$ cat upload29.cif   # mmCIF, C-alpha atoms
data_entry
loop_
_atom_site.label_atom_id
_atom_site.label_comp_id
_atom_site.auth_asym_id
_atom_site.auth_seq_id
_atom_site.Cartn_x
_atom_site.Cartn_y
_atom_site.Cartn_z
CA MET Z 1 110.67 106.57 110.69
CA PRO Z 2 112.00 105.55 114.08
CA ASN Z 3 111.37 108.83 115.88
CA THR Z 4 110.39 112.44 115.44
CA GLN Z 5 113.92 113.79 115.62
CA GLN Z 6 115.09 111.41 112.90
CA TYR Z 7 112.08 112.37 110.78
CA LEU Z 8 112.80 116.08 111.16
CA THR Z 9 116.46 115.57 110.24
CA GLU Z 10 115.50 113.72 107.07
CA TYR Z 11 112.74 116.22 106.29
CA ASP Z 12 115.21 119.09 106.56
CA GLY Z 13 117.71 117.25 104.36
CA ILE Z 14 115.03 116.75 101.71
CA SER Z 15 113.83 120.37 101.90
CA LYS Z 16 117.40 121.57 101.45
CA THR Z 17 117.72 119.56 98.26
CA ILE Z 18 114.37 120.80 96.95
CA GLN Z 19 115.42 124.36 97.83
CA MET Z 20 118.40 124.01 95.44
CA TYR Z 21 115.92 123.24 92.68
CA ILE Z 22 113.81 126.26 93.68
CA ASP Z 23 116.84 128.58 93.84
CA GLY Z 24 118.00 127.47 90.40
CA SER Z 25 114.50 127.99 89.00
CA LYS Z 26 114.15 131.44 90.52
CA GLN Z 27 117.51 132.72 89.32
CA GLY Z 28 117.45 130.87 86.00
CA LYS Z 29 120.77 129.19 86.79
CA SER Z 30 120.96 125.45 86.34
CA GLU Z 31 124.29 125.26 88.18
CA LEU Z 32 122.45 126.02 91.43
CA MET Z 33 120.17 122.99 91.05
CA ARG Z 34 122.57 120.49 89.49
CA PRO Z 35 123.96 119.32 92.87
CA ALA Z 36 120.40 118.41 93.93
CA PHE Z 37 120.20 115.75 91.23
CA HIS Z 38 121.56 112.22 91.35
CA ALA Z 39 124.06 111.31 88.59
CA ASP Z 40 121.48 108.82 87.22
CA ALA Z 41 118.50 111.14 87.60
CA SER Z 42 115.76 111.10 85.02
CA PHE Z 43 113.25 113.74 84.03
CA PHE Z 44 109.88 113.34 82.35
CA GLY Z 45 106.92 115.48 81.53
CA TYR Z 46 104.84 117.28 78.97
CA ALA Z 47 105.43 120.89 78.08
CA GLY Z 48 102.97 122.28 75.56
CA GLY Z 49 102.09 118.83 74.23
CA GLN Z 50 105.76 117.92 73.75
CA LEU Z 51 107.33 115.18 75.84
CA ALA Z 52 110.47 116.49 77.51
CA VAL Z 53 112.94 113.86 78.67
CA GLY Z 54 116.27 113.93 80.49
CA PRO Z 55 117.90 116.25 83.04
CA ALA Z 56 119.99 117.86 80.29
CA PHE Z 57 116.76 119.20 78.79
CA LEU Z 58 115.74 120.60 82.17
CA PHE Z 59 119.07 122.32 82.86
CA ASP Z 60 119.15 123.78 79.37
CA TRP Z 61 115.57 124.98 79.73
CA ILE Z 62 116.27 126.64 83.11
CA ASP Z 63 119.28 128.51 81.68
CA LYS Z 64 117.41 129.63 78.58
CA ASN Z 65 114.31 130.62 80.55
CA GLY Z 66 116.32 132.98 82.73
CA PRO Z 67 115.13 134.47 86.04
CA ALA Z 68 111.64 133.75 87.33
CA PRO Z 69 111.72 135.97 90.40
CA LYS Z 70 108.07 135.67 91.32
CA ILE Z 71 107.70 131.91 91.59
CA GLU Z 72 105.68 130.79 94.60
CA PRO Z 73 106.83 127.30 95.58
CA ARG Z 74 104.93 125.17 98.10
CA ILE Z 75 105.94 121.74 99.34
CA VAL Z 76 102.59 119.91 99.37
CA SER Z 77 103.75 116.58 100.71
CA VAL Z 78 106.90 114.79 101.84
CA ASP Z 79 106.83 111.02 102.30
CA ILE Z 80 109.94 109.38 103.68
CA LEU Z 81 110.48 105.61 103.61
CA ASP Z 82 113.91 105.02 105.15
CA SER Z 83 116.31 105.60 102.25
CA ILE Z 84 113.77 106.81 99.68
CA ALA Z 85 111.33 109.70 99.57
CA MET Z 86 108.76 111.41 97.42
CA VAL Z 87 107.90 115.09 97.35
CA ARG Z 88 105.09 116.94 95.67
CA LEU Z 89 105.89 120.53 94.87
CA GLU Z 90 103.47 123.07 93.49
CA VAL Z 91 104.98 126.13 91.89
CA GLY Z 92 102.83 129.07 90.89
CA GLY Z 93 103.82 132.35 89.23
CA TRP Z 94 106.33 130.87 86.78
CA SER Z 95 107.71 133.38 84.33
CA GLY Z 96 110.64 133.79 81.96
CA LYS Z 97 111.65 133.78 78.31
CA LEU Z 98 110.32 130.24 77.71
CA ALA Z 99 107.69 129.98 80.43
CA GLY Z 100 105.74 133.10 79.53
CA SER Z 101 103.99 134.57 82.53
CA ASP Z 102 102.06 133.37 85.56
CA VAL Z 103 102.23 129.67 84.74
CA ARG Z 104 101.65 126.90 87.24
CA MET Z 105 103.72 123.74 87.42
CA SER Z 106 103.30 120.59 89.52
CA ASP Z 107 106.32 118.45 90.30
CA LEU Z 108 106.57 114.96 91.69
CA PHE Z 109 110.10 114.30 92.86
CA THR Z 110 111.44 110.97 94.04
CA LEU Z 111 114.62 111.08 96.06
CA LEU Z 112 117.31 108.70 97.19
CA LYS Z 113 119.35 109.10 100.37
CA THR Z 114 123.00 108.91 99.36
CA PRO Z 115 126.09 109.21 101.59
CA SER Z 116 126.35 112.86 100.48
CA GLY Z 117 122.70 113.67 101.21
CA TRP Z 118 119.28 113.39 99.61
CA ARG Z 119 119.39 113.48 95.80
CA ILE Z 120 116.57 113.79 93.27
CA ILE Z 121 116.47 110.56 91.25
CA GLN Z 122 113.46 111.53 89.20
CA LYS Z 123 111.49 114.67 88.50
CA ALA Z 124 108.14 114.26 86.81
CA PHE Z 125 106.33 117.47 86.00
CA HIS Z 126 103.04 118.68 84.69
CA TRP Z 127 102.80 122.08 83.14
CA HIS Z 128 99.29 123.46 83.65
CA ALA Z 129 98.31 125.03 80.35
CA MET W 1 127.16 103.26 93.79
CA ILE W 2 126.75 100.10 91.76
CA VAL W 3 125.42 100.22 88.24
CA LEU W 4 124.76 96.76 86.90
CA ALA W 5 125.34 96.02 83.24
CA ALA W 6 122.20 95.47 81.15
CA ARG W 7 121.82 91.80 80.29
CA PRO W 8 118.51 91.39 78.48
CA ALA W 9 119.73 88.21 76.72
CA VAL W 10 120.02 86.50 80.10
CA VAL W 11 116.49 87.62 80.95
CA TYR W 12 114.99 85.72 78.03
CA SER W 13 117.15 82.60 78.29
CA SER W 14 116.59 82.12 82.02
CA THR W 15 112.82 82.37 81.47
CA LYS W 16 112.94 79.67 78.79
CA VAL W 17 115.09 77.31 80.85
CA ARG W 18 112.83 77.55 83.86
CA SER W 19 109.63 77.09 81.84
CA ALA W 20 111.08 74.01 80.14
CA VAL W 21 111.87 72.42 83.49
CA ARG W 22 108.48 73.24 84.99
CA ASN W 23 106.50 72.08 81.99
CA THR W 24 107.75 68.49 81.83
CA PRO W 25 104.40 66.82 81.05
CA GLN W 26 104.79 63.54 82.96
CA LYS W 27 105.29 65.30 86.29
CA THR W 28 102.24 64.94 88.50
CA LEU W 29 101.28 66.19 91.92
CA GLU W 30 99.61 63.37 93.83
CA SER W 31 97.58 65.02 96.59
CA TRP W 32 96.04 68.28 97.78
CA LYS W 33 99.08 68.63 99.98
CA GLN W 34 101.48 68.43 97.02
CA ILE W 35 99.35 70.76 94.88
CA ALA W 36 99.22 73.28 97.74
CA ALA W 37 102.97 73.02 98.27
CA TYR W 38 103.63 73.51 94.56
CA LEU W 39 101.53 76.68 94.50
CA GLU W 40 102.89 77.72 97.89
CA ARG W 41 99.39 78.18 99.27
CA SER W 42 97.27 76.42 101.88
CA GLU W 43 95.27 73.27 101.03
CA ARG W 44 92.13 75.23 101.84
CA THR W 45 93.01 77.89 99.26
CA VAL W 46 93.83 75.48 96.43
CA ARG W 47 90.65 73.47 97.11
CA ARG W 48 88.71 76.72 96.83
CA TRP W 49 90.52 77.59 93.61
CA GLU W 50 89.31 74.33 92.08
CA THR W 51 85.71 75.48 92.43
CA THR W 52 86.06 79.23 92.08
CA GLU W 53 88.90 79.54 89.57
CA LYS W 54 88.88 76.22 87.68
CA LEU W 55 92.24 75.03 89.03
CA PRO W 56 92.85 71.90 86.90
CA VAL W 57 92.60 69.00 89.37
CA HIS W 58 91.83 65.41 88.33
CA ARG W 59 90.35 62.49 90.29
CA ARG W 60 91.02 58.80 90.37
CA GLU W 61 88.04 56.77 91.48
CA HIS W 62 88.58 54.26 94.25
CA GLU W 63 86.15 52.10 96.23
CA LYS W 64 86.52 53.98 99.48
CA GLN W 65 87.48 57.52 98.51
CA ASP W 66 88.59 59.29 95.33
CA THR W 67 92.12 60.65 95.22
CA VAL W 68 93.13 63.82 93.48
CA PHE W 69 96.10 64.52 91.28
CA ALA W 70 97.22 67.34 89.00
CA TYR W 71 99.59 67.74 86.08
CA ARG W 72 102.28 70.29 86.74
CA HIS W 73 102.14 71.60 83.18
CA GLU W 74 98.40 72.20 83.55
CA ILE W 75 98.92 73.97 86.87
CA ASP W 76 101.64 76.12 85.28
CA ALA W 77 99.42 76.99 82.34
CA TRP W 78 96.60 77.89 84.73
CA SER W 79 98.97 80.11 86.76
CA ARG W 80 100.11 81.94 83.66
CA LEU W 81 96.57 82.64 82.52
CA ARG W 82 95.62 83.70 85.98
CA VAL W 83 98.35 86.32 86.27
CA LYS W 84 97.35 87.76 82.92
CA CYS W 85 94.12 89.08 84.45
CA PRO W 86 95.58 91.41 87.06
CA ILE W 87 92.26 92.97 87.93
CA GLU W 88 90.98 89.62 89.14
CA LEU W 89 94.08 88.74 91.11
CA SER W 90 93.68 87.57 94.65
CA LEU W 91 95.33 90.17 96.80
CA ASP W 92 95.23 87.91 99.76
CA ASP W 93 93.61 84.62 100.71
CA GLY W 94 89.89 85.17 100.34
CA VAL W 95 90.17 88.77 99.18
CA VAL W 96 89.57 89.41 95.50
CA LEU W 97 89.87 92.84 93.98
CA PRO W 98 86.64 93.48 92.09
CA ALA W 99 86.69 94.92 88.60
CA ASN W 100 84.97 98.28 88.73
CA PRO W 101 82.92 99.10 85.66
CA HIS W 102 81.32 102.07 87.45
CA ALA W 103 84.24 104.47 87.37
CA ASP W 104 82.13 107.41 86.34
CA ASN W 105 84.41 110.34 86.89
CA THR W 106 87.84 111.33 85.64
CA TYR W 107 89.57 110.74 88.94
CA LEU W 108 88.23 107.19 89.29
CA THR W 109 89.07 106.38 85.68
CA GLU W 110 92.67 107.53 86.13
CA HIS W 111 92.97 105.92 89.55
CA ASP W 112 91.78 102.57 88.19
CA ALA W 113 94.03 102.78 85.14
CA ILE W 114 97.01 103.41 87.42
CA THR W 115 96.21 100.57 89.83
CA ARG W 116 95.75 98.21 86.86
CA ILE W 117 99.24 99.11 85.64
CA VAL W 118 100.73 98.53 89.08
CA HIS W 119 98.84 95.21 89.29
CA ARG W 120 100.78 94.11 86.23
CA TYR W 121 103.93 94.67 88.22
CA ILE W 122 102.44 92.70 91.11
CA ALA W 123 101.42 89.86 88.79
CA GLY W 124 104.97 89.70 87.44
CA CYS W 125 106.36 89.55 90.99
CA ARG W 126 103.97 86.75 91.91
CA ALA W 127 104.72 84.72 88.80
CA GLY W 128 108.46 85.46 88.83
CA GLU W 129 108.16 86.52 85.19
CA GLY W 130 109.74 89.78 84.09
CA GLU W 131 107.84 89.65 80.80
CA VAL W 132 104.48 89.76 82.63
CA MET W 133 105.36 93.17 84.10
CA ARG W 134 107.23 94.62 81.12
CA PRO W 135 104.08 96.16 79.51
CA ALA W 136 103.59 98.26 82.64
CA PHE W 137 106.86 100.12 82.08
CA HIS W 138 107.94 102.88 79.73
CA PRO W 139 110.69 101.62 77.38
CA SER W 140 113.23 104.01 78.91
CA ALA W 141 112.16 103.41 82.52
CA THR W 142 114.82 103.29 85.20
CA MET W 143 115.11 101.93 88.72
CA SER W 144 117.00 102.87 91.83
CA GLY W 145 117.05 102.09 95.50
CA PHE W 146 118.66 100.29 98.37
CA CYS W 147 119.05 96.65 99.23
CA GLN W 148 121.00 95.77 102.36
CA GLY W 149 122.51 99.22 102.41
CA VAL W 150 123.83 99.00 98.85
CA GLU W 151 122.61 101.55 96.34
CA TYR W 152 121.49 100.37 92.92
CA SER W 153 120.47 102.39 89.91
CA GLY W 154 120.10 101.73 86.22
CA SER W 155 117.83 100.39 83.53
CA ILE W 156 114.53 98.73 84.42
CA GLU W 157 115.89 95.62 82.66
CA HIS W 158 117.73 94.82 85.89
CA VAL W 159 114.38 94.51 87.64
CA PHE W 160 113.00 92.11 84.99
CA ASP W 161 116.21 90.08 85.20
CA TRP W 162 116.05 89.99 88.98
CA ILE W 163 112.38 88.94 88.95
CA ASN W 164 113.16 86.03 86.60
CA GLN W 165 116.01 84.88 88.81
CA ASN W 166 113.98 85.23 91.97
CA GLY W 167 111.18 83.03 90.60
CA PRO W 168 107.61 82.88 91.91
CA ALA W 169 106.65 84.78 95.06
CA PRO W 170 103.02 83.62 95.30
CA ASP W 171 102.32 84.92 98.80
CA ILE W 172 103.26 88.57 98.36
CA ASN W 173 100.84 90.86 100.03
CA PRO W 174 100.75 94.28 98.30
CA ARG W 175 99.00 97.37 99.58
CA PHE W 176 98.52 100.71 97.93
CA ALA W 177 99.73 103.15 100.56
CA ARG W 178 99.36 106.25 98.41
CA ILE W 179 98.34 107.24 94.92
CA GLU W 180 98.89 110.82 93.87
CA ILE W 181 97.76 111.96 90.45
CA VAL W 182 98.53 115.33 88.89
CA GLU W 183 97.02 115.39 85.39
CA THR W 184 99.68 113.57 83.30
CA ILE W 185 101.98 112.39 86.12
CA ALA W 186 101.48 110.24 89.18
CA VAL W 187 103.30 108.56 92.04
CA VAL W 188 102.28 105.33 93.71
CA HIS W 189 103.62 104.12 97.03
CA LEU W 190 103.23 100.36 97.23
CA GLU W 191 104.02 98.39 100.37
CA VAL W 192 104.73 94.73 99.73
CA GLN W 193 104.95 92.19 102.52
CA ARG W 194 105.64 88.46 102.49
CA TRP W 195 108.14 88.57 99.66
CA SER W 196 109.75 85.22 98.94
CA GLY W 197 111.84 83.58 96.25
CA LYS W 198 115.27 82.30 95.38
CA LEU W 199 116.99 85.65 95.84
CA VAL W 200 114.77 87.16 98.52
CA GLY W 201 114.53 84.27 100.95
CA ALA W 202 111.33 84.49 102.95
CA GLN W 203 109.12 87.03 104.67
CA ALA W 204 110.83 90.10 103.28
CA ARG W 205 109.26 93.52 103.05
CA ALA W 206 109.78 96.12 100.35
CA SER W 207 108.56 99.68 99.85
CA ASP W 208 108.21 100.81 96.25
CA VAL W 209 107.57 104.27 94.90
CA PHE W 210 106.61 104.28 91.24
CA THR W 211 106.51 107.41 89.10
CA LEU W 212 104.13 107.20 86.17
CA LEU W 213 103.61 109.25 83.05
CA LYS W 214 100.52 109.30 80.91
CA CYS W 215 101.75 109.16 77.33
CA ASP W 216 99.39 108.81 74.37
CA GLY W 217 96.51 108.13 76.74
CA GLU W 218 98.26 105.28 78.53
CA TRP W 219 99.89 105.28 81.94
CA LYS W 220 103.40 103.83 82.04
CA ILE W 221 105.83 103.47 84.93
CA THR W 222 108.90 105.61 84.24
CA HIS W 223 110.74 104.91 87.47
CA LYS W 224 110.73 102.33 90.23
CA LEU W 225 112.29 103.45 93.48
CA PHE W 226 112.62 100.74 96.10
CA HIS W 227 113.74 100.13 99.64
CA TRP W 228 114.16 96.64 101.08
CA HIS W 229 113.57 96.72 104.81
CA ASP W 230 116.10 95.07 107.09
CA ARG W 231 114.88 91.95 108.81
#
$ encode --input "upload29.cif" --output "structure tokens"
Amino acid sequence: MPNTQQYLTEYDGISKTIQMYIDGSKQGKSELMRPAFHADASFFGYAGGQLAVGPAFLFDWIDKNGPAPKIEPRIVSVDILDSIAMVRLEVGGWSGKLAGSDVRMSDLFTLLKTPSGWRIIQKAFHWHA
Amino acid sequence: MIVLAARPAVVYSSTKVRSAVRNTPQKTLESWKQIAAYLERSERTVRRWETTEKLPVHRREHEKQDTVFAYRHEIDAWSRLRVKCPIELSLDDGVVLPANPHADNTYLTEHDAITRIVHRYIAGCRAGEGEVMRPAFHPSATMSGFCQGVEYSGSIEHVFDWINQNGPAPDINPRFARIEIVETIAVVHLEVQRWSGKLVGAQARASDVFTLLKCDGEWKITHKLFHWHDR
């Protein structure tokens, strides 16, 4: 990153995108998080021993899970390399129709800087059983 | 955004064509200088490889001083074998990554398994052979990133295709900048300097961020995110 100001601008752009994911998760509305994802985004991870693949699965899951008002999201790390970035997000207190209660999830997002802002290109998750 | 069409058929055919040209048996390299140039390394390095890594070099006896020569097909065969042992790959002149049989805790085991997978990618880059790196990737892996300001995204096949077309990049200098492991998922930030090849040119630098998934006990790269730095 060339300077602090530039870094902060990019950091804020990335946080804004991650916040869309958090808002969608909290309210159980996939439409809130869809704009955060790149058109070619992919999604991978294990949920209860089953491999879940594809953003369609994620959006469907979020809608079916419904509100999870008590999630506690924390951005653990943000690494920015010019036009690409990675973010680790820890989310505690997951609840909902599919999640059950008080579940913890770790997310590793990779993002791409597009002309319309930072977009999630891949979300890998681990559901802590 | 540009999405390239998948062309796996081209991947295989271009590999075969290039191998056939390189493996012409009568082609010889007639001095340390030529052998070094062929491997794109220094004379000092290839002389060392003769003793430490059994680089196939032959000698003709003369009255004053022996001369060395090497068969290209033997050098090529040696290179291919060498890149198949990623753990023993030279990371840099004189620096050899040691195999670590003493990984005695879960973190070290996972860390080593992940770096071995990424070393397969590195070996493929060095050799210019997409097939060398293919086992490191999940079958439905994807790639995305920027090159000269243009955004690319699509199947990982484009990367294999590109690697084959770029050809060998023997001097690449990779560094693990970050490895983050969360149970079944991981990200690796790899910085690669001294990229070369037919498509790259010379002295290019790339940042890669790989996402990995541990499926059925094996780590696989599910996504390669890249940024080519402007020169």
$ closest_residue --input "upload29.cif" --among "Z:Lys64, Z:His38, Z:Arg74, Z:Lys16" --to "chain W" --atoms "only C-alpha atoms"
Z:His38
$ residues_around --input "upload29.cif" --residues "stretch 34-43 of chain W" --least-positions-apart "5" --cutoff "10 Å" --atoms "only C-alpha atoms" --output "count of residues only"
18
$ atom_distance --input "upload29.cif" --atom1 "atom CA of Z:Ser116" --atom2 "atom CA of W:Ile179"
29.1 Å
$ interface_residues --input "upload29.cif" --of "chain Z" --to "chain W" --cutoff "12 Å" --atoms "only C-alpha atoms" --output "ChimeraX atom specification"
/Z:1,38-47,49-54,76-90,105-116,119-129
$ resolve_selection --input "upload29.cif" --expression "the PyMOL selection byres ((chain Z and resi 91-95) around 8)" --output "ChimeraX atom specification"
/Z:67-74,89-90,96-107
$ write_last_selection --input "upload29.cif" --atoms "C-alpha atoms" --output "PDB file, in the frame of the given file"
ATOM      1  CA  PRO Z  67     115.130 134.470  86.040  1.00  0.00           C
ATOM      2  CA  ALA Z  68     111.640 133.750  87.330  1.00  0.00           C
ATOM      3  CA  PRO Z  69     111.720 135.970  90.400  1.00  0.00           C
ATOM      4  CA  LYS Z  70     108.070 135.670  91.320  1.00  0.00           C
ATOM      5  CA  ILE Z  71     107.700 131.910  91.590  1.00  0.00           C
ATOM      6  CA  GLU Z  72     105.680 130.790  94.600  1.00  0.00           C
ATOM      7  CA  PRO Z  73     106.830 127.300  95.580  1.00  0.00           C
ATOM      8  CA  ARG Z  74     104.930 125.170  98.100  1.00  0.00           C
ATOM      9  CA  LEU Z  89     105.890 120.530  94.870  1.00  0.00           C
ATOM     10  CA  GLU Z  90     103.470 123.070  93.490  1.00  0.00           C
ATOM     11  CA  GLY Z  96     110.640 133.790  81.960  1.00  0.00           C
ATOM     12  CA  LYS Z  97     111.650 133.780  78.310  1.00  0.00           C
ATOM     13  CA  LEU Z  98     110.320 130.240  77.710  1.00  0.00           C
ATOM     14  CA  ALA Z  99     107.690 129.980  80.430  1.00  0.00           C
ATOM     15  CA  GLY Z 100     105.740 133.100  79.530  1.00  0.00           C
ATOM     16  CA  SER Z 101     103.990 134.570  82.530  1.00  0.00           C
ATOM     17  CA  ASP Z 102     102.060 133.370  85.560  1.00  0.00           C
ATOM     18  CA  VAL Z 103     102.230 129.670  84.740  1.00  0.00           C
ATOM     19  CA  ARG Z 104     101.650 126.900  87.240  1.00  0.00           C
ATOM     20  CA  MET Z 105     103.720 123.740  87.420  1.00  0.00           C
ATOM     21  CA  SER Z 106     103.300 120.590  89.520  1.00  0.00           C
ATOM     22  CA  ASP Z 107     106.320 118.450  90.300  1.00  0.00           C
TER      23      ASP Z 107
END
$ atom_distance --input "upload29.cif" --atom1 "atom CA of W:Thr106" --atom2 "atom CA of W:Trp219"
14.0 Å
$ atom_distance --input "upload29.cif" --atom1 "atom CA of W:Glu191" --atom2 "atom CA of W:Asp216"
28.4 Å
$ closest_residue --input "upload29.cif" --among "W:Lys198, W:His158, W:Lys27, W:Arg126" --to "W:Ile172" --atoms "all atoms listed in the file"
W:Arg126
$ residues_around --input "upload29.cif" --residues "Z:Asp63" --least-positions-apart "3" --cutoff "12 Å" --atoms "only C-alpha atoms" --output "number ranges by chain"
Z: 24-34, 56-60, 66-68, 96-99
$ closest_residue --input "upload29.cif" --among "W:Glu74, W:Lys54, W:Arg231, W:Gly124" --to "W:Gln148" --atoms "all atoms listed in the file"
W:Arg231
